[in-house]
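Just query.cif here, mmCIF, C-alpha atoms:
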data_structure
loop_
_atom_site.label_atom_id
_atom_site.label_comp_id
_atom_site.auth_asym_id
_atom_site.auth_seq_id
_atom_site.Cartn_x
_atom_site.Cartn_y
_atom_site.Cartn_z
CA MET A 65 23.45 55.23 -80.61
CA SER A 66 23.44 52.40 -83.15
CA ARG A 67 24.12 48.86 -82.01
CA PHE A 68 27.67 48.77 -83.34
CA GLN A 69 30.24 51.54 -82.96
CA LEU A 70 33.83 51.82 -84.16
CA MET A 71 35.09 54.09 -81.39
CA LEU A 72 34.35 54.71 -77.75
CA THR A 73 33.80 58.33 -76.78
CA ASN A 74 36.12 59.95 -74.25
CA LYS A 75 33.18 60.00 -71.82
CA GLN A 76 32.75 56.24 -72.15
CA ILE A 77 36.48 55.62 -71.71
CA LYS A 78 36.43 57.79 -68.59
CA LEU A 79 33.42 55.85 -67.30
CA ILE A 80 35.11 52.47 -67.81
CA ASN A 81 38.25 53.68 -66.04
CA SER A 82 36.17 55.00 -63.12
CA LEU A 83 34.70 51.53 -62.62
CA HIS A 84 38.15 50.25 -61.61
CA SER A 85 37.53 51.89 -58.22
CA LYS A 86 34.85 51.23 -55.59
CA LYS A 87 34.02 54.94 -55.49
CA GLY A 88 33.36 54.98 -59.24
CA ARG A 89 31.23 51.85 -59.07
CA LEU A 90 29.11 53.25 -56.25
CA GLU A 91 28.69 56.69 -57.83
CA ASN A 92 27.70 55.30 -61.24
CA GLU A 93 25.86 52.20 -59.96
CA LEU A 94 27.76 50.22 -62.58
CA PHE A 95 30.43 47.51 -62.58
CA LEU A 96 32.69 45.66 -65.01
CA VAL A 97 32.40 42.08 -66.19
CA GLU A 98 35.56 40.95 -67.97
CA GLY A 99 36.45 37.90 -70.05
CA GLU A 100 34.50 35.46 -72.17
CA LYS A 101 32.76 33.39 -69.47
CA GLY A 102 31.60 36.37 -67.44
CA ILE A 103 30.27 38.23 -70.48
CA GLN A 104 28.38 35.19 -71.73
CA GLU A 105 26.83 34.70 -68.29
CA VAL A 106 25.82 38.33 -67.75
CA LEU A 107 24.18 38.54 -71.18
CA ASP A 108 22.03 35.57 -70.13
CA SER A 109 20.97 37.06 -66.81
CA SER A 110 18.60 39.57 -65.23
CA TYR A 111 21.40 42.17 -65.08
CA GLU A 112 21.08 45.21 -67.36
CA VAL A 113 24.11 45.49 -69.65
CA GLU A 114 24.77 49.09 -70.67
CA PHE A 115 27.27 48.33 -73.43
CA LEU A 116 29.93 45.86 -74.53
CA VAL A 117 33.55 46.33 -75.62
CA ILE A 118 34.60 43.26 -77.58
CA ASN A 119 37.74 42.10 -79.40
CA VAL A 120 37.13 42.73 -83.09
CA ASP A 121 38.20 39.12 -83.79
CA PHE A 122 34.97 37.96 -82.10
CA GLN A 123 32.69 40.37 -83.94
CA HIS A 124 30.85 37.49 -85.64
CA LEU A 125 29.64 36.19 -82.26
CA PHE A 126 27.68 39.37 -81.51
CA SER A 127 25.72 39.89 -84.70
CA ALA A 128 22.43 39.09 -82.96
CA THR A 129 22.91 41.06 -79.74
CA SER A 130 20.69 44.05 -79.02
CA VAL A 131 23.25 45.51 -76.59
CA PRO A 132 25.29 48.49 -77.89
CA THR A 133 28.68 47.02 -78.82
CA PHE A 134 32.11 48.46 -79.59
CA PHE A 135 34.77 46.39 -81.35
CA LEU A 136 38.40 47.13 -80.46
CA SER A 137 41.74 45.39 -80.73
CA LYS A 138 43.01 43.10 -77.97
CA ASP A 139 45.59 45.68 -76.93
CA GLU A 140 43.01 48.47 -76.76
CA ILE A 141 40.74 46.30 -74.60
CA THR A 142 43.59 45.35 -72.26
CA LYS A 143 44.31 49.05 -71.67
CA LEU A 144 40.73 49.51 -70.48
CA SER A 145 40.60 46.29 -68.46
CA THR A 146 41.57 45.54 -64.87
CA LEU A 147 43.05 42.25 -66.10
CA THR A 148 46.72 41.99 -67.06
CA ILE A 149 45.66 40.50 -70.40
CA ASN A 150 42.10 40.64 -71.71
CA GLN A 151 41.77 38.87 -75.04
CA TYR A 152 37.96 38.89 -75.21
CA GLY A 153 36.35 42.04 -73.89
CA LEU A 154 34.35 43.66 -71.13
CA ALA A 155 30.79 44.59 -70.28
CA VAL A 156 29.57 47.66 -68.41
CA VAL A 157 26.70 46.43 -66.26
CA ARG A 158 24.10 48.05 -64.00
CA SER A 159 24.53 46.94 -60.37
CA LYS A 160 21.72 45.77 -58.10
CA SER A 161 20.92 46.83 -54.56
CA SER A 162 22.47 44.61 -51.88
CA ASN A 163 20.63 46.09 -48.87
CA GLU A 164 18.19 43.25 -48.33
CA ILE A 165 17.66 39.56 -49.05
CA THR A 166 14.08 38.40 -48.55
CA PRO A 167 12.96 35.83 -47.85
CA LEU A 168 15.98 34.15 -46.26
CA ASP A 169 16.74 30.62 -47.42
CA ASP A 170 17.04 27.79 -44.90
CA VAL A 171 20.83 27.81 -45.41
CA VAL A 172 22.77 31.09 -45.61
CA LEU A 173 26.54 31.55 -45.62
CA ILE A 174 27.81 34.34 -43.33
CA LEU A 175 31.22 35.94 -44.00
CA ASP A 176 32.93 37.93 -41.26
CA GLY A 177 35.72 40.20 -42.50
CA VAL A 178 36.63 38.29 -45.68
CA ARG A 179 38.56 40.99 -47.52
CA ASP A 180 40.45 39.19 -50.26
CA PRO A 181 38.59 39.58 -53.59
CA GLY A 182 39.85 36.27 -54.94
CA ASN A 183 38.57 34.47 -51.85
CA LEU A 184 35.13 36.07 -52.05
CA GLY A 185 34.85 35.32 -55.77
CA THR A 186 35.84 31.70 -55.22
CA ILE A 187 33.40 31.38 -52.31
CA ILE A 188 30.58 32.68 -54.52
CA ARG A 189 31.50 30.10 -57.14
CA ILE A 190 31.60 27.34 -54.49
CA CYS A 191 28.19 28.41 -53.16
CA ASP A 192 26.80 28.25 -56.69
CA TRP A 193 28.23 24.70 -57.06
CA TYR A 194 26.54 23.55 -53.85
CA GLY A 195 23.28 25.37 -54.47
CA ILE A 196 23.71 28.04 -51.78
CA LYS A 197 22.00 31.14 -53.12
CA GLN A 198 22.53 33.67 -50.34
CA ILE A 199 25.64 35.12 -48.68
CA VAL A 200 25.52 37.74 -45.92
CA CYS A 201 28.78 39.69 -45.44
CA SER A 202 30.02 42.00 -42.72
CA ASN A 203 30.16 45.61 -43.88
CA ASP A 204 33.96 45.50 -44.04
CA SER A 205 34.11 42.44 -46.28
CA THR A 206 35.34 43.01 -49.80
CA GLU A 207 32.85 44.47 -52.25
CA PHE A 208 30.75 42.07 -54.36
CA TYR A 209 31.22 44.19 -57.51
CA ASN A 210 35.01 44.40 -57.25
CA PRO A 211 36.25 43.29 -60.72
CA LYS A 212 38.54 40.68 -59.13
CA VAL A 213 35.55 39.21 -57.28
CA ILE A 214 33.42 39.13 -60.42
CA SER A 215 36.19 37.50 -62.48
CA ALA A 216 36.86 34.86 -59.81
CA THR A 217 33.19 33.83 -59.75
CA MET A 218 33.41 32.65 -63.39
CA GLY A 219 29.84 33.84 -63.94
CA SER A 220 28.38 32.54 -60.66
CA PHE A 221 27.78 36.13 -59.46
CA LYS A 222 24.50 36.13 -61.39
CA ARG A 223 23.07 33.23 -59.34
CA VAL A 224 24.21 34.15 -55.80
CA GLU A 225 22.96 37.12 -53.78
CA CYS A 226 25.26 39.04 -51.42
CA MET A 227 24.07 41.41 -48.71
CA TYR A 228 26.26 43.66 -46.51
CA VAL A 229 25.14 44.22 -42.92
CA ASP A 230 26.15 44.67 -39.31
CA LEU A 231 26.47 40.97 -38.53
CA GLN A 232 25.55 41.27 -34.85
CA ASP A 233 22.28 43.03 -35.67
CA PHE A 234 21.52 40.62 -38.50
CA LEU A 235 22.11 37.45 -36.46
CA LEU A 236 20.13 38.74 -33.50
CA SER A 237 17.19 39.73 -35.70
CA ASN A 238 16.88 36.27 -37.30
CA PRO A 239 16.44 33.84 -34.39
CA SER A 240 14.79 31.14 -36.53
CA HIS A 241 18.21 30.04 -37.86
CA SER A 242 20.81 28.17 -35.81
CA ILE A 243 24.21 29.91 -35.86
CA ILE A 244 27.10 27.57 -36.65
CA GLY A 245 30.69 28.83 -36.72
CA ALA A 246 33.91 27.41 -38.15
CA ASP A 247 36.38 27.20 -35.26
CA LEU A 248 39.58 25.21 -34.69
CA ALA A 249 38.23 24.20 -31.29
CA GLY A 250 34.86 23.06 -32.64
CA GLU A 251 33.21 19.68 -33.07
CA ASN A 252 34.64 17.37 -35.73
CA LEU A 253 32.85 18.22 -38.98
CA HIS A 254 32.82 14.55 -39.97
CA HIS A 255 30.54 13.74 -37.03
CA TYR A 256 28.33 16.82 -37.15
CA GLN A 257 24.66 16.84 -38.17
CA PHE A 258 23.61 20.24 -39.51
CA PRO A 259 20.29 21.82 -38.45
CA GLN A 260 17.66 22.34 -41.12
CA LYS A 261 17.70 26.15 -40.86
CA VAL A 262 21.23 27.41 -40.36
CA PHE A 263 23.63 30.30 -40.72
CA ILE A 264 27.14 28.98 -41.43
CA VAL A 265 29.65 31.60 -40.25
CA MET A 266 33.15 31.80 -41.73
CA GLY A 267 35.82 34.22 -40.53
CA SER A 268 38.87 35.54 -42.32
CA GLU A 269 41.93 33.31 -42.58
CA SER A 270 44.07 35.73 -40.57
CA HIS A 271 41.63 36.71 -37.79
CA GLY A 272 38.89 34.08 -37.72
CA ILE A 273 35.43 35.01 -36.47
CA ARG A 274 35.67 38.24 -34.48
CA PRO A 275 34.71 38.28 -30.76
CA GLU A 276 31.52 40.32 -31.21
CA VAL A 277 30.19 37.75 -33.69
CA SER A 278 31.78 34.74 -31.99
CA LYS A 279 29.75 35.33 -28.82
CA LEU A 280 26.58 34.70 -30.85
CA ILE A 281 27.75 31.34 -32.20
CA GLN A 282 25.60 28.51 -30.87
CA GLN A 283 27.63 25.55 -32.14
CA ARG A 284 31.21 25.33 -33.44
CA ILE A 285 32.60 22.96 -36.03
CA THR A 286 36.11 22.26 -37.26
CA ILE A 287 37.64 20.48 -40.23
CA PRO A 288 39.82 17.70 -38.73
CA ARG A 289 43.53 18.09 -39.45
CA PHE A 290 45.68 15.09 -40.31
CA GLY A 291 48.89 16.92 -41.27
CA GLU A 292 50.93 19.87 -40.01
CA ALA A 293 49.44 22.89 -41.82
CA GLU A 294 48.44 25.68 -39.44
CA SER A 295 45.34 26.77 -41.32
CA LEU A 296 43.23 26.45 -44.45
CA ASN A 297 42.29 29.14 -46.93
CA VAL A 298 38.78 30.40 -46.14
CA ALA A 299 37.47 29.50 -49.61
CA ILE A 300 38.82 25.95 -49.34
CA SER A 301 37.35 25.62 -45.84
CA THR A 302 33.99 26.85 -47.11
CA GLY A 303 34.03 24.24 -49.87
CA ILE A 304 34.79 21.40 -47.43
CA ILE A 305 32.08 22.50 -44.98
CA LEU A 306 29.43 22.92 -47.68
CA ASP A 307 30.31 19.52 -49.09
CA HIS A 308 29.70 17.93 -45.68
CA PHE A 309 26.53 19.97 -45.27
CA ARG A 310 25.17 18.51 -48.51
CA ARG A 311 26.11 15.00 -47.37
CA SER A 312 24.39 15.32 -43.98
#
Mind turning the file's structure into structure tokens?
Amino acid sequence: MSRFQLMLTNKQIKLINSLHSKKGRLENELFLVEGEKGIQEVLDSSYEVEFLVINVDFQHLFSATSVPTFFLSKDEITKLSTLTINQYGLAVVRSKSSNEITPLDDVVLILDGVRDPGNLGTIIRICDWYGIKQIVCSNDSTEFYNPKVISATMGSFKRVECMYVDLQDFLLSNPSHSIIGADLAGENLHHYQFPQKVFIVMGSESHGIRPEVSKLIQQRITIPRFGEAESLNVAISTGIILDHFRRS
């Protein structure tokens, strides 16, 4: 196949559409990156890009790329995209294994049952901002390669690793890290001094940290409340806690 093509084949269209679902992403070991920022980031990463589908209006920006590229209209791209409107394009990208992170960093974020793709994508972006490179998720957390997750990261997905595990087994098998959990009944975050090697555990907004993981928490912290709101979004809470971690 030459670098530039006028038309996608029916097989390629079927492949792109299959990547809208988790089953398709797992079977093909591929995922979608959509929009200008994400595409720019993935082209400048260690990810293998299979091919690009780009708005023909931006053809001049891809004259030097070695990646096979198709140029379509905005409307044609939007039909293939998971986004309501996609004015730039999409990339079909080879996924990476998420079975293991070695070695573990001194600071690792742990997510228990975080199932909203927008929240996970925002958390990945927040971790990238604060220099946290590793996230360990419960097996039922939302999938890293979900297109909504990837879009919400604004390109940060290429700098943050995510691993999916049984959290109880993982926490028990890594005793060198202290286990800190976000909890409404915990110690005031403003007065807390973080350990040097730490797992910071965040639960879902609706359920919190589940009992089987909660029993392994060694210290609990809370963001002090000054108003009347019942709870904070898990991504916002993560940002506040990581900010205080970096200050401590």
Inset, instruction - Please write as a PyMOL selection string the full residue list that the PyMOL selection byres ((chain A and resi 130-142) around 10) yields on this file. - result: chain A and resi 65-72+98+107+112-123+126-129+143-155
Store the residues of this selection in a file with C-alpha atoms, as a JSON list (two decimals), keeping the file's coordinate frame.
[["chain", "number", "residue", "atom", "x", "y", "z"],
["A", 65, "MET", "CA", 23.45, 55.23, -80.61],
["A", 66, "SER", "CA", 23.44, 52.40, -83.15],
["A", 67, "ARG", "CA", 24.12, 48.86, -82.01],
["A", 68, "PHE", "CA", 27.67, 48.77, -83.34],
["A", 69, "GLN", "CA", 30.24, 51.54, -82.96],
["A", 70, "LEU", "CA", 33.83, 51.82, -84.16],
["A", 71, "MET", "CA", 35.09, 54.09, -81.39],
["A", 72, "LEU", "CA", 34.35, 54.71, -77.75],
["A", 98, "GLU", "CA", 35.56, 40.95, -67.97],
["A", 107, "LEU", "CA", 24.18, 38.54, -71.18],
["A", 112, "GLU", "CA", 21.08, 45.21, -67.36],
["A", 113, "VAL", "CA", 24.11, 45.49, -69.65],
["A", 114, "GLU", "CA", 24.77, 49.09, -70.67],
["A", 115, "PHE", "CA", 27.27, 48.33, -73.43],
["A", 116, "LEU", "CA", 29.93, 45.86, -74.53],
["A", 117, "VAL", "CA", 33.55, 46.33, -75.62],
["A", 118, "ILE", "CA", 34.60, 43.26, -77.58],
["A", 119, "ASN", "CA", 37.74, 42.10, -79.40],
["A", 120, "VAL", "CA", 37.13, 42.73, -83.09],
["A", 121, "ASP", "CA", 38.20, 39.12, -83.79],
["A", 122, "PHE", "CA", 34.97, 37.96, -82.10],
["A", 123, "GLN", "CA", 32.69, 40.37, -83.94],
["A", 126, "PHE", "CA", 27.68, 39.37, -81.51],
["A", 127, "SER", "CA", 25.72, 39.89, -84.70],
["A", 128, "ALA", "CA", 22.43, 39.09, -82.96],
["A", 129, "THR", "CA", 22.91, 41.06, -79.74],
["A", 143, "LYS", "CA", 44.31, 49.05, -71.67],
["A", 144, "LEU", "CA", 40.73, 49.51, -70.48],
["A", 145, "SER", "CA", 40.60, 46.29, -68.46],
["A", 146, "THR", "CA", 41.57, 45.54, -64.87],
["A", 147, "LEU", "CA", 43.05, 42.25, -66.10],
["A", 148, "THR", "CA", 46.72, 41.99, -67.06],
["A", 149, "ILE", "CA", 45.66, 40.50, -70.40],
["A", 150, "ASN", "CA", 42.10, 40.64, -71.71],
["A", 151, "GLN", "CA", 41.77, 38.87, -75.04],
["A", 152, "TYR", "CA", 37.96, 38.89, -75.21],
["A", 153, "GLY", "CA", 36.35, 42.04, -73.89],
["A", 154, "LEU", "CA", 34.35, 43.66, -71.13],
["A", 155, "ALA", "CA", 30.79, 44.59, -70.28]]
Inset, instruction - Tell me, as a ChimeraX atom specification, which residues lie within 7 Å of stretch 260-263 of chain A, counting only C-alpha atoms; anything in the same chain fewer than 3 positions away does not count. - result: /A:170-174,241-244
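Among A:Cys226, A:Leu175, A:Val277, A:Ile214, the residue with the shortest atom-to-atom distance to A:Lys160, counting all atoms listed in the file, is A:Cys226.
Taking all atoms listed in the file into account, A:Val229 lies nearest to A:Asn163 out of the set A:Asn163, A:Asn183, A:Thr73, A:Ser295.
Residue nearest A:Glu294, chosen from A:Asp169, A:Glu269, A:Glu276, A:Glu164 and counting only C-alpha atoms: A:Glu269.
Proximity ranking of A:Gly303, A:Pro211, A:Pro288, A:Pro167 relative to A:Pro181 places A:Pro211 first, based on all atoms listed in the file.
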Inset, instruction - Could you tell me which residues the PyMOL selection byres ((chain A and resi 225) around 10) grabs in this file, written as a ChimeraX atom specification? - result: /A:160-162,164-165,188,196-200,208,220-224,226-227
Legend entry - Selection result of the PyMOL selection byres ((chain A and resi 82) around 12) on this file, as a PyMOL selection string: chain A and resi 75-81+83-96+144-146+156+211
Could you write out as lines of an AutoDock Vina configuration file the box around stretch 194-210 of chain A (axis-aligned, all atoms listed in the file, 8 Å on each side), with centre and edge lengths in Å to one decimal?
center_x = 28.7
center_y = 34.6
center_z = -50.1
size_x = 29.3
size_y = 38.1
size_z = 30.8
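Those residues that approach A:Ile285 to within 12 Å, counting only C-alpha atoms, are Ile243, Ile244, Gly245, Ala246, Asp247, Leu248, Ala249, Gly250, Glu251, Asn252, Leu253, His254, His255, Tyr256, Gln257, Phe258, Ile264, Val265, Met266, Ile281, Ser301, Thr302, Ile304, Ile305, His308 and Phe309 of chain A; same-chain residues fewer than 4 positions away are not listed.
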